[in-house]
>>> print(open('query.cif').read())   # mmCIF, C-alpha atoms
data_my_file
loop_
_atom_site.label_atom_id
_atom_site.label_comp_id
_atom_site.auth_asym_id
_atom_site.auth_seq_id
_atom_site.Cartn_x
_atom_site.Cartn_y
_atom_site.Cartn_z
CA MET D 1 -1.84 -39.32 24.07
CA THR D 2 1.77 -39.29 25.18
CA PRO D 3 2.88 -37.21 28.23
CA GLU D 4 4.51 -34.66 25.89
CA GLU D 5 1.29 -34.32 23.88
CA GLU D 6 -0.78 -33.96 27.04
CA LYS D 7 1.60 -31.28 28.28
CA GLN D 8 1.18 -29.33 25.03
CA VAL D 9 -2.61 -29.63 25.21
CA ARG D 10 -2.65 -28.35 28.81
CA SER D 11 -0.35 -25.48 27.86
CA ARG D 12 -2.62 -24.47 24.97
CA GLN D 13 -5.75 -24.76 27.15
CA LYS D 14 -4.06 -22.56 29.76
CA SER D 15 -3.11 -19.84 27.26
CA ARG D 16 -6.66 -19.85 25.84
CA ALA D 17 -8.11 -19.56 29.33
CA ILE D 18 -5.84 -16.59 30.10
CA VAL D 19 -6.76 -14.80 26.85
CA THR D 20 -10.47 -15.46 27.41
CA GLY D 21 -10.17 -14.12 30.95
CA LEU D 22 -8.43 -10.97 29.74
CA ILE D 23 -11.12 -10.43 27.08
CA LEU D 24 -13.89 -10.84 29.66
CA ALA D 25 -12.17 -8.41 32.05
CA GLY D 26 -11.83 -5.92 29.17
CA LEU D 27 -15.52 -6.28 28.36
CA VAL D 28 -16.50 -5.65 31.98
CA ILE D 29 -14.52 -2.39 31.92
CA LEU D 30 -15.90 -1.46 28.48
CA PHE D 31 -19.55 -2.03 29.44
CA TYR D 32 -19.05 -0.06 32.65
CA ALA D 33 -17.51 2.83 30.66
CA ILE D 34 -20.31 2.71 28.05
CA THR D 35 -22.92 2.84 30.82
CA ILE D 36 -21.26 5.87 32.45
CA ALA D 37 -20.90 7.60 29.05
CA LYS D 38 -24.56 6.97 28.17
CA MET D 39 -25.72 8.19 31.60
CA GLY D 40 -23.71 11.38 31.09
CA MET D 41 -25.59 12.06 27.86
CA HIS D 42 -29.00 12.20 29.59
CA MET T 1 -13.79 -18.17 22.17
CA ALA T 2 -15.37 -21.32 20.86
CA SER T 3 -14.13 -24.63 22.10
CA SER T 4 -12.37 -26.41 19.30
CA PRO T 5 -11.00 -29.83 20.00
CA ILE T 6 -9.82 -31.35 16.76
CA ASP T 7 -8.78 -34.83 15.91
CA VAL T 8 -5.03 -34.75 15.85
CA LYS T 9 -4.98 -37.44 13.18
CA SER T 10 -6.17 -34.74 10.74
CA ASN T 11 -3.86 -32.12 12.15
CA ALA T 12 -1.38 -32.06 9.28
CA ALA T 13 0.34 -28.97 10.68
CA ASP T 14 1.41 -30.74 13.85
CA PRO T 15 2.84 -34.18 13.14
CA THR T 16 3.87 -34.74 16.77
CA PHE T 17 0.22 -35.40 17.63
CA GLY T 18 -0.43 -38.63 15.86
CA SER T 19 -1.73 -40.90 18.61
CA GLY T 20 -5.45 -40.10 18.44
CA GLY T 21 -5.74 -37.38 21.09
CA VAL T 22 -7.35 -33.99 20.71
CA MET T 23 -5.53 -30.71 20.24
CA PRO T 24 -7.31 -27.42 20.98
CA SER T 25 -6.65 -24.56 18.54
CA ASP T 26 -4.29 -21.90 19.76
CA TRP T 27 -5.77 -18.46 20.50
CA ARG T 28 -3.42 -17.01 17.86
CA ASP T 29 -5.25 -19.08 15.26
CA PHE T 30 -8.53 -17.40 16.22
CA LEU T 31 -6.77 -14.06 15.87
CA ALA T 32 -5.41 -15.07 12.44
CA LEU T 33 -8.96 -15.98 11.42
CA THR T 34 -9.92 -12.29 11.68
CA LYS T 35 -7.33 -11.21 9.05
CA PRO T 36 -5.79 -8.50 11.29
CA ARG T 37 -3.62 -7.03 8.51
CA VAL T 38 -6.59 -6.40 6.21
CA MET T 39 -8.41 -4.84 9.15
CA THR T 40 -5.99 -1.88 9.39
CA LEU T 41 -7.45 -0.01 6.42
CA VAL T 42 -11.03 -0.80 7.48
CA VAL T 43 -10.40 0.57 10.98
CA PHE T 44 -8.62 3.65 9.65
CA THR T 45 -11.35 4.60 7.14
CA GLY T 46 -14.01 3.97 9.81
CA LEU T 47 -12.14 6.20 12.24
CA CYS T 48 -11.81 8.93 9.61
CA GLY T 49 -15.54 8.74 8.84
CA LEU T 50 -16.20 9.17 12.56
CA LEU T 51 -13.74 12.07 12.95
CA ALA T 52 -14.96 13.86 9.80
CA ALA T 53 -18.62 13.75 10.84
CA PRO T 54 -20.20 16.92 12.20
CA GLY T 55 -21.13 16.76 15.88
CA THR T 56 -19.50 15.17 18.87
CA ILE T 57 -19.37 11.69 20.32
CA HIS T 58 -18.16 10.59 23.76
CA PRO T 59 -14.60 9.18 23.48
CA VAL T 60 -15.70 5.87 25.03
CA LEU T 61 -18.50 5.52 22.47
CA ALA T 62 -16.11 6.52 19.67
CA PHE T 63 -13.68 3.81 20.83
CA THR T 64 -16.53 1.30 20.99
CA THR T 65 -17.64 2.24 17.46
CA ILE T 66 -14.17 1.57 16.06
CA LEU T 67 -13.92 -1.63 18.11
CA CYS T 68 -17.24 -2.81 16.65
CA ILE T 69 -16.09 -2.01 13.09
CA ALA T 70 -12.89 -4.01 13.75
CA LEU T 71 -14.83 -6.92 15.31
CA GLY T 72 -17.34 -6.90 12.45
CA ALA T 73 -14.51 -6.94 9.88
CA GLY T 74 -12.82 -9.75 11.83
CA ALA T 75 -16.05 -11.73 11.96
CA ALA T 76 -16.54 -11.33 8.20
CA GLY T 77 -12.93 -12.46 7.66
CA ALA T 78 -13.47 -15.52 9.87
CA LEU T 79 -16.65 -16.51 8.00
CA ASN T 80 -14.83 -15.95 4.70
CA GLN T 81 -12.07 -18.35 5.81
CA TRP T 82 -14.66 -20.84 7.06
CA TYR T 83 -16.38 -20.89 3.65
CA GLU T 84 -13.19 -20.83 1.55
CA ALA T 85 -11.05 -23.33 3.47
CA ASP T 86 -10.85 -25.68 0.47
CA ILE T 87 -9.90 -22.85 -1.91
CA ASP T 88 -7.34 -21.42 0.55
CA ALA T 89 -5.63 -24.80 0.69
CA LYS T 90 -4.86 -24.54 -3.05
CA MET T 91 -3.29 -21.07 -2.91
CA VAL T 92 0.30 -20.43 -1.75
CA ARG T 93 -0.72 -17.08 -0.23
CA THR T 94 -3.43 -18.63 1.97
CA ALA T 95 -2.39 -22.26 2.48
CA ASN T 96 -0.98 -21.60 5.95
CA ARG T 97 -4.23 -20.14 7.34
CA PRO T 98 -5.57 -22.03 10.41
CA LEU T 99 -8.22 -24.06 8.52
CA PRO T 100 -6.29 -25.23 5.42
CA ALA T 101 -3.20 -25.88 7.59
CA GLY T 102 -5.29 -28.16 9.83
CA ARG T 103 -4.83 -26.16 13.02
CA MET T 104 -8.57 -25.59 13.51
CA ASP T 105 -11.81 -27.36 12.62
CA ARG T 106 -14.40 -25.65 10.43
CA GLN T 107 -17.19 -25.72 13.02
CA SER T 108 -15.12 -23.67 15.48
CA ALA T 109 -14.41 -21.09 12.77
CA LEU T 110 -18.14 -20.89 11.93
CA HIS T 111 -19.18 -20.50 15.58
CA PHE T 112 -16.47 -17.90 16.16
CA GLY T 113 -17.48 -15.90 13.06
CA VAL T 114 -21.21 -15.95 13.75
CA GLY T 115 -20.72 -15.16 17.45
CA LEU T 116 -18.38 -12.26 16.71
CA SER T 117 -20.78 -10.89 14.04
CA VAL T 118 -23.77 -10.86 16.37
CA PHE T 119 -21.73 -9.44 19.24
CA SER T 120 -20.29 -6.58 17.15
CA VAL T 121 -23.70 -5.55 15.79
CA VAL T 122 -25.43 -5.72 19.20
CA LEU T 123 -22.62 -3.79 20.87
CA MET T 124 -22.74 -1.14 18.12
CA TYR T 125 -26.50 -0.75 18.68
CA LEU T 126 -26.10 -0.46 22.47
CA ALA T 127 -23.24 2.06 22.23
CA THR T 128 -24.43 4.24 19.32
CA ASN T 129 -27.60 3.90 17.25
CA TRP T 130 -29.63 1.47 15.16
CA LEU T 131 -28.48 2.95 11.81
CA ALA T 132 -24.76 2.36 12.49
CA ALA T 133 -25.58 -1.17 13.74
CA ALA T 134 -27.75 -1.89 10.68
CA ILE T 135 -25.03 -0.73 8.23
CA LEU T 136 -22.46 -2.84 10.10
CA ALA T 137 -24.76 -5.89 9.85
CA ILE T 138 -25.31 -5.22 6.12
CA SER T 139 -21.55 -4.90 5.50
CA ILE T 140 -20.85 -8.26 7.21
CA LEU T 141 -23.68 -10.02 5.35
CA PHE T 142 -22.63 -8.39 2.07
CA TYR T 143 -19.03 -9.59 2.44
CA VAL T 144 -19.94 -13.12 3.47
CA ILE T 145 -23.06 -13.87 1.40
CA VAL T 146 -22.92 -11.57 -1.64
CA TYR T 147 -19.13 -11.50 -2.15
CA THR T 148 -17.72 -14.73 -0.68
CA MET T 149 -20.53 -17.18 -1.40
CA TRP T 150 -22.22 -15.69 -4.45
CA LEU T 151 -19.98 -13.45 -6.58
CA LYS T 152 -16.42 -14.63 -5.98
CA PRO T 153 -16.76 -18.14 -7.41
CA ARG T 154 -19.04 -17.02 -10.28
CA THR T 155 -18.03 -13.78 -11.97
CA THR T 156 -14.97 -11.78 -12.98
CA GLN T 157 -16.71 -8.71 -11.60
CA ASN T 158 -16.64 -10.28 -8.09
CA ILE T 159 -14.38 -7.69 -6.51
CA VAL T 160 -16.15 -4.77 -8.24
CA ILE T 161 -19.51 -5.41 -6.58
CA GLY T 162 -17.98 -7.14 -3.56
CA GLY T 163 -15.85 -4.06 -2.97
CA ALA T 164 -18.93 -2.42 -1.49
CA ALA T 165 -18.35 -4.43 1.70
CA GLY T 166 -15.05 -2.64 2.30
CA ALA T 167 -16.58 0.74 1.47
CA PHE T 168 -19.01 0.73 4.41
CA PRO T 169 -16.68 1.60 7.37
CA PRO T 170 -16.53 5.42 6.86
CA VAL T 171 -20.33 5.42 6.48
CA ILE T 172 -20.64 3.46 9.74
CA GLY T 173 -18.28 5.84 11.54
CA TRP T 174 -20.24 8.83 10.28
CA ALA T 175 -23.63 7.28 11.17
CA ALA T 176 -22.41 6.48 14.70
CA VAL T 177 -21.88 10.21 15.33
CA THR T 178 -24.77 11.78 13.43
CA GLY T 179 -27.41 9.04 13.24
CA ASP T 180 -27.82 9.73 9.51
CA VAL T 181 -26.04 9.35 6.17
CA THR T 182 -25.52 12.46 4.02
CA ALA T 183 -23.67 13.29 0.78
CA LEU T 184 -20.08 13.17 2.13
CA PRO T 185 -20.20 9.62 3.55
CA VAL T 186 -21.82 8.49 0.30
CA ALA T 187 -18.93 10.13 -1.61
CA LEU T 188 -16.43 8.32 0.66
CA PHE T 189 -18.27 5.05 0.00
CA ALA T 190 -17.96 5.72 -3.76
CA LEU T 191 -14.25 6.48 -3.43
CA ILE T 192 -13.44 3.14 -1.75
CA PHE T 193 -15.88 1.30 -4.04
CA PHE T 194 -14.12 2.49 -7.22
CA TRP T 195 -10.66 2.25 -5.62
CA THR T 196 -11.08 -1.48 -4.97
CA PRO T 197 -10.88 -2.76 -8.61
CA PRO T 198 -7.53 -1.12 -9.53
CA HIS T 199 -6.14 -1.99 -6.07
CA PHE T 200 -7.16 -5.63 -6.22
CA TRP T 201 -6.53 -6.29 -9.91
CA ALA T 202 -2.98 -4.90 -9.58
CA LEU T 203 -2.45 -7.69 -7.02
CA ALA T 204 -4.34 -10.24 -9.11
CA LEU T 205 -2.00 -9.59 -12.06
CA PHE T 206 1.05 -10.87 -10.21
CA VAL T 207 -0.65 -13.67 -8.22
CA LYS T 208 -2.74 -14.79 -11.21
CA MET T 209 -1.56 -18.41 -11.10
CA ASP T 210 -2.65 -18.71 -7.47
CA TYR T 211 -6.22 -17.81 -8.42
CA ALA T 212 -6.07 -20.00 -11.54
CA ASN T 213 -4.97 -23.02 -9.48
CA ALA T 214 -7.79 -22.41 -6.99
CA GLY T 215 -10.40 -22.07 -9.75
CA ILE T 216 -11.38 -18.52 -8.80
CA PRO T 217 -12.58 -16.60 -11.88
CA MET T 218 -10.49 -13.49 -11.25
CA LEU T 219 -10.38 -11.11 -14.22
CA PRO T 220 -6.75 -11.86 -15.27
CA VAL T 221 -7.50 -15.61 -15.21
CA VAL T 222 -10.69 -15.45 -17.29
CA SER T 223 -10.36 -12.37 -19.52
CA GLY T 224 -6.57 -12.16 -19.69
CA GLU T 225 -4.03 -9.58 -18.68
CA VAL T 226 -4.70 -7.10 -21.48
CA ALA T 227 -8.37 -6.80 -20.48
CA THR T 228 -7.41 -6.54 -16.79
CA ARG T 229 -4.92 -3.75 -17.48
CA ARG T 230 -7.58 -1.89 -19.51
CA GLN T 231 -10.10 -2.30 -16.66
CA ILE T 232 -7.55 -1.04 -14.08
CA TRP T 233 -7.17 2.13 -16.12
CA PHE T 234 -10.96 2.45 -16.64
CA TYR T 235 -11.80 2.12 -12.93
CA THR T 236 -8.96 4.46 -11.98
CA ALA T 237 -10.65 7.16 -14.09
CA ILE T 238 -13.94 6.65 -12.24
CA MET T 239 -12.10 6.53 -8.90
CA ALA T 240 -10.43 9.86 -9.73
CA ALA T 241 -13.87 11.40 -10.28
CA ALA T 242 -15.08 9.95 -6.97
CA ALA T 243 -11.97 11.28 -5.17
CA MET T 244 -12.56 14.79 -6.46
CA ALA T 245 -16.36 14.71 -5.97
CA PRO T 246 -16.25 15.97 -2.34
CA VAL T 247 -14.27 19.02 -3.53
CA LEU T 248 -16.52 19.72 -6.51
CA LEU T 249 -19.62 19.38 -4.32
CA ARG T 250 -18.04 21.80 -1.81
CA LEU T 251 -18.20 19.20 0.96
CA THR T 252 -14.50 19.61 1.77
CA GLY T 253 -11.93 22.40 1.69
CA PRO T 254 -8.57 23.09 0.03
CA ILE T 255 -6.47 20.69 2.13
CA TYR T 256 -8.40 17.63 0.99
CA GLY T 257 -8.69 19.12 -2.51
CA THR T 258 -4.94 19.62 -2.91
CA ILE T 259 -3.92 16.25 -1.43
CA ALA T 260 -6.64 14.41 -3.37
CA PHE T 261 -5.62 16.06 -6.65
CA LEU T 262 -1.89 15.35 -6.24
CA CYS T 263 -2.27 11.78 -4.94
CA THR T 264 -4.87 10.92 -7.58
CA ALA T 265 -2.59 12.29 -10.33
CA ILE T 266 0.22 9.98 -9.12
CA PHE T 267 -2.25 7.07 -8.91
CA ALA T 268 -3.46 7.77 -12.45
CA ALA T 269 0.12 7.97 -13.79
CA MET T 270 0.96 4.59 -12.21
CA ALA T 271 -2.30 3.04 -13.43
CA PHE T 272 -1.62 4.42 -16.92
CA GLN T 273 1.77 2.72 -16.93
CA VAL T 274 0.27 -0.57 -15.73
CA GLY T 275 -2.63 -0.22 -18.17
CA HIS T 276 -0.35 0.08 -21.18
CA ARG T 277 2.29 -2.53 -20.35
CA ARG T 278 2.40 -5.99 -21.87
CA GLU T 279 4.18 -8.17 -19.32
CA SER T 280 3.01 -11.54 -18.13
CA ASP T 281 5.98 -12.67 -16.02
CA PRO T 282 5.13 -12.00 -12.33
CA ALA T 283 8.85 -11.58 -11.57
CA LYS T 284 8.97 -8.56 -13.89
CA MET T 285 5.83 -6.88 -12.58
CA ALA T 286 7.47 -4.14 -10.52
CA PRO T 287 5.06 -1.39 -11.72
CA GLU T 288 2.05 -3.57 -10.81
CA LYS T 289 3.49 -4.24 -7.33
CA ARG T 290 4.21 -0.53 -6.95
CA LEU T 291 0.64 0.37 -7.89
CA PHE T 292 -0.72 -2.15 -5.37
CA LYS T 293 1.43 -0.74 -2.55
CA TYR T 294 0.76 2.86 -3.51
CA SER T 295 -3.01 2.24 -3.67
CA ILE T 296 -2.97 1.42 0.07
CA LEU T 297 -0.95 4.54 0.89
CA TYR T 298 -3.30 6.56 -1.36
CA LEU T 299 -6.35 5.70 0.71
CA PHE T 300 -4.53 6.49 3.96
CA LEU T 301 -3.42 9.87 2.62
CA LEU T 302 -6.84 10.89 1.29
CA PHE T 303 -8.73 9.92 4.42
CA GLY T 304 -6.08 11.53 6.65
CA ALA T 305 -6.34 14.75 4.60
CA LEU T 306 -10.12 14.60 4.84
CA VAL T 307 -10.04 14.57 8.65
CA VAL T 308 -7.54 17.44 8.85
CA ASP T 309 -9.57 19.41 6.31
CA ARG T 310 -12.87 18.89 8.12
CA TRP T 311 -11.34 19.82 11.49
CA ILE T 312 -9.98 23.07 10.09
CA PHE T 313 -12.64 24.18 7.64
CA ALA T 314 -15.94 22.46 8.56
#
>>> encode(input="query.cif", output="structure tokens")
Amino acid sequence: MTPEEEKQVRSRQKSRAIVTGLILAGLVILFYAITIAKMGMH
Amino acid sequence: MASSPIDVKSNAADPTFGSGGVMPSDWRDFLALTKPRVMTLVVFTGLCGLLAAPGTIHPVLAFTTILCIALGAGAAGALNQWYEADIDAKMVRTANRPLPAGRMDRQSALHFGVGLSVFSVVLMYLATNWLAAAILAISILFYVIVYTMWLKPRTTQNIVIGGAAGAFPPVIGWAAVTGDVTALPVALFALIFFWTPPHFWALALFVKMDYANAGIPMLPVVSGEVATRRQIWFYTAIMAAAAMAPVLLRLTGPIYGTIAFLCTAIFAAMAFQVGHRRESDPAKMAPEKRLFKYSILYLFLLFGALVVDRWIFA
């Protein structure tokens, strides 16, 4: 792999890691909100 | 997201990587795998089913329901692309999708699709009820197994029966609120079910060669254009009956009745024109393209009217 190729791979890995992190953070908030909503129903 | 290192030697879409390294798929390719544009109508009809249902649902749970419908539809789209990668490569319309373009390996698409399917169904169950989760699971399995794997490569009636997969969202939205399925969601299911053939065959008429090249037995390819045009008209008549059924059964009020009658009359006029034309040059198929575009607007208008009607009169 040439340095340019390696740079592109790292860049793609970084963007995937950021998106995955954002999705996980969103899920944490969603599950918290679902729990509160369900508790309010009982 | 699934890890997806692919051999760059097979990555035809990116010729700069030709020295044997690995190139992970971009996150945008995973997004493209879910067919986000097709999802719009699915999400909208699901939302309308939820809003038209009697009873109340917590806004967070309503949001989660729609999210699950979107994720389920995305998962089904991903599994469809996983299974049809070879066919997609032969069609102009689909050749640039992540798998045929070589930007992703098939195993990653499979893992992503299965994972998203399971997640959407489990989340639906946790947020709402088992019925909504079960219907969501059935709709995903129906689209992937019954439509994609079984019907599509075998019969000209593929999109007639397969259309049921796209008809489930309003039923899921309704079931998430009420925990049951009554006459109105069944009528909405029937409306989308009978809307699918004229909608899809209008498209198939002007992209016929694409399907022919890919070996998909779409109706215009196997039975010809005259038969397809006749079938478009035939299914439009049944769809019109399904569109007016909620009014005739007194399940909706005058707003839906008026909008449904007017929009269906326009649909029928356009389908009549398409049904009686004899034109095989895709470049001259303006009425067919108009019918295809209008059919999408038609569903938006009817479901929008349904929600307004139910809020005012139910």
>>> interface_residues(input="query.cif", of="chain D", to="chain T", cutoff="9 Å", atoms="all atoms listed in the file", output="PyMOL selection string")
chain D and resi 1-2+5-6+8-9+12-13+15-16+19-20+30+33-35+37-38+41
>>> write_last_selection(input="query.cif", atoms="C-alpha atoms", output="PDB file, in the frame of the given file")
ATOM      1  CA  MET D   1      -1.840 -39.320  24.070  1.00  0.00           C
ATOM      2  CA  THR D   2       1.770 -39.290  25.180  1.00  0.00           C
ATOM      3  CA  GLU D   5       1.290 -34.320  23.880  1.00  0.00           C
ATOM      4  CA  GLU D   6      -0.780 -33.960  27.040  1.00  0.00           C
ATOM      5  CA  GLN D   8       1.180 -29.330  25.030  1.00  0.00           C
ATOM      6  CA  VAL D   9      -2.610 -29.630  25.210  1.00  0.00           C
ATOM      7  CA  ARG D  12      -2.620 -24.470  24.970  1.00  0.00           C
ATOM      8  CA  GLN D  13      -5.750 -24.760  27.150  1.00  0.00           C
ATOM      9  CA  SER D  15      -3.110 -19.840  27.260  1.00  0.00           C
ATOM     10  CA  ARG D  16      -6.660 -19.850  25.840  1.00  0.00           C
ATOM     11  CA  VAL D  19      -6.760 -14.800  26.850  1.00  0.00           C
ATOM     12  CA  THR D  20     -10.470 -15.460  27.410  1.00  0.00           C
ATOM     13  CA  LEU D  30     -15.900  -1.460  28.480  1.00  0.00           C
ATOM     14  CA  ALA D  33     -17.510   2.830  30.660  1.00  0.00           C
ATOM     15  CA  ILE D  34     -20.310   2.710  28.050  1.00  0.00           C
ATOM     16  CA  THR D  35     -22.920   2.840  30.820  1.00  0.00           C
ATOM     17  CA  ALA D  37     -20.900   7.600  29.050  1.00  0.00           C
ATOM     18  CA  LYS D  38     -24.560   6.970  28.170  1.00  0.00           C
ATOM     19  CA  MET D  41     -25.590  12.060  27.860  1.00  0.00           C
TER      20      MET D  41
END
>>> resolve_selection(input="query.cif", expression="the PyMOL selection byres ((chain T and resi 146) around 12)", output="ChimeraX atom specification")
/T:76,80,138-145,147-155,158-165
>>> atom_distance(input="query.cif", atom1="CA of Asp105 in chain T", atom2="CA of Glu84 in chain T")
12.9 Å
>>> atom_distance(input="query.cif", atom1="CA of Thr45 in chain T", atom2="CA of Val114 in chain T")
23.7 Å
>>> residues_around(input="query.cif", residues="range 252-264 of chain T", least_positions_apart="6", cutoff="6 Å", atoms="only C-alpha atoms", output="list of chain:residue names")
T:Pro246, T:Leu302, T:Ala305, T:Leu306, T:Asp309
>>> residues_around(input="query.cif", residues="Ala269 in chain T", least_positions_apart="2", cutoff="12 Å", atoms="all atoms listed in the file", output="list in words")
Ile232, Trp233, Thr236, Ala237, Ala240, Leu262, Cys263, Thr264, Ala265, Ile266, Phe267, Ala271, Phe272, Gln273, Val274, Gly275, His276, Pro287, Arg290, Leu291 and Tyr294 of chain T
>>> residues_around(input="query.cif", residues="range 241-245 of chain T", least_positions_apart="2", cutoff="7 Å", atoms="all atoms listed in the file", output="PyMOL selection string")
chain T and resi 187+190-191+237-239+247-249+260
>>> atom_distance(input="query.cif", atom1="CA of Leu219 in chain T", atom2="CA of Ile296 in chain T")
20.4 Å
>>> residues_around(input="query.cif", residues="range 210-218 of chain T", least_positions_apart="3", cutoff="8 Å", atoms="only C-alpha atoms", output="ChimeraX atom specification")
/T:87-88,90-93,152-158,204,207,221-222
>>> write_last_selection(input="query.cif", atoms="C-alpha atoms", output="compact mmCIF listing (two decimals), in the coordinates of the input")
# COMPACT_ATOMS: atom_id res chain seq x y z
CA ILE T 87 -9.90 -22.85 -1.91
CA ASP T 88 -7.34 -21.42 0.55
CA LYS T 90 -4.86 -24.54 -3.05
CA MET T 91 -3.29 -21.07 -2.91
CA VAL T 92 0.30 -20.43 -1.75
CA ARG T 93 -0.72 -17.08 -0.23
CA LYS T 152 -16.42 -14.63 -5.98
CA PRO T 153 -16.76 -18.14 -7.41
CA ARG T 154 -19.04 -17.02 -10.28
CA THR T 155 -18.03 -13.78 -11.97
CA THR T 156 -14.97 -11.78 -12.98
CA GLN T 157 -16.71 -8.71 -11.60
CA ASN T 158 -16.64 -10.28 -8.09
CA ALA T 204 -4.34 -10.24 -9.11
CA VAL T 207 -0.65 -13.67 -8.22
CA VAL T 221 -7.50 -15.61 -15.21
CA VAL T 222 -10.69 -15.45 -17.29
>>> residues_around(input="query.cif", residues="Asp281 in chain T", least_positions_apart="5", cutoff="12 Å", atoms="all atoms listed in the file", output="list in words")
Leu205, Phe206, Val207, Lys208, Met209, Glu225, Ala286 and Glu288 of chain T
>>> resolve_selection(input="query.cif", expression="the PyMOL selection byres ((chain T and resi 314) around 9)", output="PDB file with C-alpha atoms, in the coordinates of the input")
ATOM      1  CA  ALA T  52     -14.960  13.860   9.800  1.00  0.00           C
ATOM      2  CA  PRO T  54     -20.200  16.920  12.200  1.00  0.00           C
ATOM      3  CA  LEU T 251     -18.200  19.200   0.960  1.00  0.00           C
ATOM      4  CA  THR T 252     -14.500  19.610   1.770  1.00  0.00           C
ATOM      5  CA  GLY T 253     -11.930  22.400   1.690  1.00  0.00           C
ATOM      6  CA  ASP T 309      -9.570  19.410   6.310  1.00  0.00           C
ATOM      7  CA  ARG T 310     -12.870  18.890   8.120  1.00  0.00           C
ATOM      8  CA  TRP T 311     -11.340  19.820  11.490  1.00  0.00           C
ATOM      9  CA  ILE T 312      -9.980  23.070  10.090  1.00  0.00           C
ATOM     10  CA  PHE T 313     -12.640  24.180   7.640  1.00  0.00           C
TER      11      PHE T 313
END
>>> closest_residue(input="query.cif", among="T:Leu41, T:Met124, T:Val186, T:Met285", to="Phe303 in chain T", atoms="all atoms listed in the file")
T:Leu41
>>> build_atoms(input="query.cif", residues="range 26-42 of chain D", atoms="N, CA and C atoms", output="tab-separated table (two decimals), keeping the file's coordinate frame")
chain	number	residue	atom	x	y	z
D	26	GLY	N	-11.75	-7.11	30.03
D	26	GLY	CA	-11.83	-5.92	29.17
D	26	GLY	C	-13.26	-5.54	28.88
D	27	LEU	N	-14.11	-6.56	28.66
D	27	LEU	CA	-15.52	-6.28	28.36
D	27	LEU	C	-16.24	-5.70	29.57
D	28	VAL	N	-15.90	-6.20	30.76
D	28	VAL	CA	-16.50	-5.65	31.98
D	28	VAL	C	-16.20	-4.16	32.09
D	29	ILE	N	-14.93	-3.80	31.86
D	29	ILE	CA	-14.52	-2.39	31.92
D	29	ILE	C	-15.22	-1.59	30.82
D	30	LEU	N	-15.28	-2.17	29.61
D	30	LEU	CA	-15.90	-1.46	28.48
D	30	LEU	C	-17.39	-1.19	28.74
D	31	PHE	N	-18.12	-2.22	29.20
D	31	PHE	CA	-19.55	-2.03	29.44
D	31	PHE	C	-19.80	-1.03	30.58
D	32	TYR	N	-18.94	-1.05	31.56
D	32	TYR	CA	-19.05	-0.06	32.65
D	32	TYR	C	-18.86	1.34	32.08
D	33	ALA	N	-17.80	1.51	31.24
D	33	ALA	CA	-17.51	2.83	30.66
D	33	ALA	C	-18.63	3.29	29.73
D	34	ILE	N	-19.19	2.35	28.95
D	34	ILE	CA	-20.31	2.71	28.05
D	34	ILE	C	-21.50	3.19	28.87
D	35	THR	N	-21.78	2.48	29.96
D	35	THR	CA	-22.92	2.84	30.82
D	35	THR	C	-22.74	4.25	31.39
D	36	ILE	N	-21.54	4.54	31.90
D	36	ILE	CA	-21.26	5.87	32.45
D	36	ILE	C	-21.39	6.94	31.36
D	37	ALA	N	-20.83	6.64	30.16
D	37	ALA	CA	-20.90	7.60	29.05
D	37	ALA	C	-22.33	7.88	28.64
D	38	LYS	N	-23.15	6.82	28.57
D	38	LYS	CA	-24.56	6.97	28.17
D	38	LYS	C	-25.33	7.75	29.23
D	39	MET	N	-25.03	7.47	30.52
D	39	MET	CA	-25.72	8.19	31.60
D	39	MET	C	-25.39	9.67	31.55
D	40	GLY	N	-24.13	9.99	31.18
D	40	GLY	CA	-23.71	11.38	31.09
D	40	GLY	C	-24.40	12.14	29.98
D	41	MET	N	-24.93	11.41	28.99
D	41	MET	CA	-25.59	12.06	27.86
D	41	MET	C	-27.02	12.47	28.19
D	42	HIS	N	-27.59	11.91	29.26
D	42	HIS	CA	-29.00	12.20	29.59
D	42	HIS	C	-29.11	13.16	30.78
